[in-house]
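Single-structure report; data block below.
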Amino acid sequence: MHSDDPQQLELLRVCRIGRAQGLKGEVTVQIFTDEPEYRFAPGAVLYTKDGEEEYVVESSRTFKNRWIIKFEGIDDRDASEAANGVVLYGEADDPEEMLEADEWYPKDLIGLEARLAEGNTLGLEPGTVVGKVVDVIEVAQWLLKIRLANPVKDADGVVVENSALVPFVDELVPDIDLEGGYLTLDPPGGLIPGL
């Protein structure tokens with residue numbers, strides 16, 4: 001789905017330009033990507049949100065866990081200071097290639113129905129609907145927030161649990177079927193309320 005027309009690109013937030021670094025046009029960046037080596041490789045093209053302005057990476061390096069980038073055309077401290085605060089986006093990867101590599105964007109997972117996996121460790125009926133993925137929380141390890149199909153209620157019928165957080169790892173989420181609109185879960189006891 002790659003296109004030379006920036007208006008047709010599916011863009012994902014990659015970084016926000018920070019302060020100038022030195023006198024030769026380098027800038028620090030706050031990163032929002034988990035693949036900075038790829039996104040900041042020399043020659044990589046990043047865009048403003050509207051896709052109208054391109055920022056081409058001339059060089060990049062890390063220093064004390066910070067990325068420092070030199071963009072083509074930003075050649076002095078004044079130009080790098082003027083770029084402070086600009087949020088840059090990169091083109092989304094090809095969905096077919098991502099599928100083959102078992103890679104996912106959080107937006108691909110939101111809305112999927114969560115079902116119990118075949119042969120799950122709880123011994124429950126495979127295919128039983130647990131709920132729906134309503135969010136992906138990106139911390140050190142992704143967590144799927146699942147709104148439960150059958151919320152847990154107290155003795156008075158008041159809902160006490162209506163969602164669960166499931167670590168997004170192969171052992172707990174063995175299958176994802178984007179076309180079918182579901183993923184399967186193999187949760188240990190106690191992870192999902194009511195199971």
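Each chain in the structure tokens gets a letter, A, B and so on, in the order shown; residues start at 1 in every chain, and ligands are counted from 1 in the order they appear.
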
Subject >> DSSP strand (DSSP E or B) residues within range 14-71 of chain A, listed as a ChimeraX atom specification >> reply: /A:14-21,26-31,45-47,54-63,66-71

**OP:** Could you check which of A:Leu11, A:Ala20, A:Val166, A:Leu172 is closest to Ala82 in chain A, using only C-alpha atoms?
**Re:** A:Ala20

**OP:** Name the residues in contact with Asp76 in chain A at a cut-off of 12 Å, using only C-alpha atoms, excluding same-chain residues fewer than 3 positions from it; report them as a list of chain:residue names.
**Re:**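 Returned residues: A:Ala20, A:Gln21, A:Gly22, A:Leu23, A:Lys24, A:Gly25, A:Glu26, A:Val27, A:Lys70, A:Phe71, A:Glu72, A:Gly73, A:Ala79, A:Ser80, A:Glu81, A:Ala82, A:Ala83.
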
**OP:** Extract, using only C-alpha atoms, all DNA, RNA and protein residues at most 9 Å from range 143-145 of chain A, discarding same-chain residues fewer than 4 positions from it, and format them as JSON, numbers by chain.
**Re:** {"A": [109, 110, 132, 133, 134, 135, 136, 137, 138, 139, 163, 164, 165, 166, 167, 168, 169]}
